[in-house]
Amino acid sequence: MTDTLIIGQGICGTFLSWELEQAGVPFLVIDEVRPFTASRVAAGLINPVTGRRIVKTWMIDELLPIALEAYRQMGATLGVSLVRPSKLLDFFPTVQMRLAFLERYGEDPQYLSLPEDEHDQDALFRYELGYGTIAPCYLVDIATVLEGSRKKMLASGLLMEERFERGALVMEGSGKTIRYKDIRANRIIFCDGIESCDSPWFSRLPFAPNKGEALIVEIPELVGSDVFKKGISLASWKENLYWAGSSYEWSFTNDSPTEAFRQRTEAILRDWLKVPFKVVDHFASVRPATLERRPFIGFHPLHPAIGIFNGMGTKGCSLAPYFAHQLALHITQGSPVQADVDVRRFAKILSR
């Protein structure tokens, strides 16, 4: 018997298990070994400004302090540093984008600035319209967050590396508890990313899955932890390595890397970079995004022992720590889940 069964160990499952552990709630995680999930191939960038209109990321002022403290505490437990401050150099691809940045900078410069010399990157990049700076940004070492947490849970017997079998899940006690094979629990929470799109409990939710691809490129002449953007982003990954991407494909036939993306991205890099680069890896995954661009969090209106923590899209590095803490408080203290992310806002369609 355990209190909470968690399905999936991406960014959502990892932070939910972390918060439950801090709260003293017994849990068990089930996660199939899969190298190319959306969490595992993400850039790990927390950007406080987003979109063509250069607006502040939703809830960023509330999200950042909670997320940074969570990464600090988790890093202290794992004995590593998990997050580092950065800045994003946003090279303007069009006159319209330059004007949009300057307009937003004049209205709200909280995260925006302009360089003293906008030609100071001429030795590295080709650009004609200057650039603006977004800071602070943060780069999260997602690989260490996931793998470090995984090793810790495996060593403690808190993670089972196997595929979850939906047919083996049984609701007991008038739906107030669950049994999965020989495991009994008070609740089960699905943190399984794209798998929930065809879940028998949550498939009616307005998911909007999209495919993303990225390259890992070696660029020895780029140093530091800056992020560079001009159509695509170059985010510091490891020493001399940069994450280059990503695509957003709403129509796709599989989750495999494509030669078309690689050729297109290499052409962009050749046109943008003045220094040599070498592609060392190429991967793809499908993100569990949502039509509303808001997560799905909480418990099914008809099956109170079945929950979901999903739908973070591209913002998982900032959203997951914040809302994992909120969901843990809901479990332990009964405090409400924020209304605009609570899955019960879809009670009508989930109850059909």
# chains A, B, ... in the order shown; residues from 1 in each chain; ligands from 1
$ select_by_dssp --residues "segment 69-154 of chain A" --states "helix (DSSP H, G or I)" --output "number ranges by chain"
A: 69-78, 95-107, 142-154
$ select_by_dssp --residues "segment 59-253 of chain A" --states "strand (DSSP E)" --output "number ranges by chain"
A: 83-91, 112-113, 131-140, 159-160, 169-172, 177-180, 183-190, 210-218, 227-230, 232-238, 241-245
$ residues_around --residues "segment 99-105 of chain A" --least-positions-apart "5" --cutoff "9 Å" --atoms "only C-alpha atoms" --output "ChimeraX atom specification"
/A:52-55,92,94,110-114,132
$ residues_around --residues "His330 of chain A" --least-positions-apart "6" --cutoff "9 Å" --atoms "only C-alpha atoms" --output "JSON, numbers by chain"
{"A": [298, 336, 337]}
$ residues_around --residues "Phe207 of chain A" --least-positions-apart "4" --cutoff "7 Å" --atoms "only C-alpha atoms" --output "MDAnalysis selection string"
chainID A and resid 197 288:291
$ residues_around --residues "Leu16 of chain A" --least-positions-apart "5" --cutoff "9 Å" --atoms "only C-alpha atoms" --output "ChimeraX atom specification"
/A:6,11,21,191,309,320-321,323-325,327-328
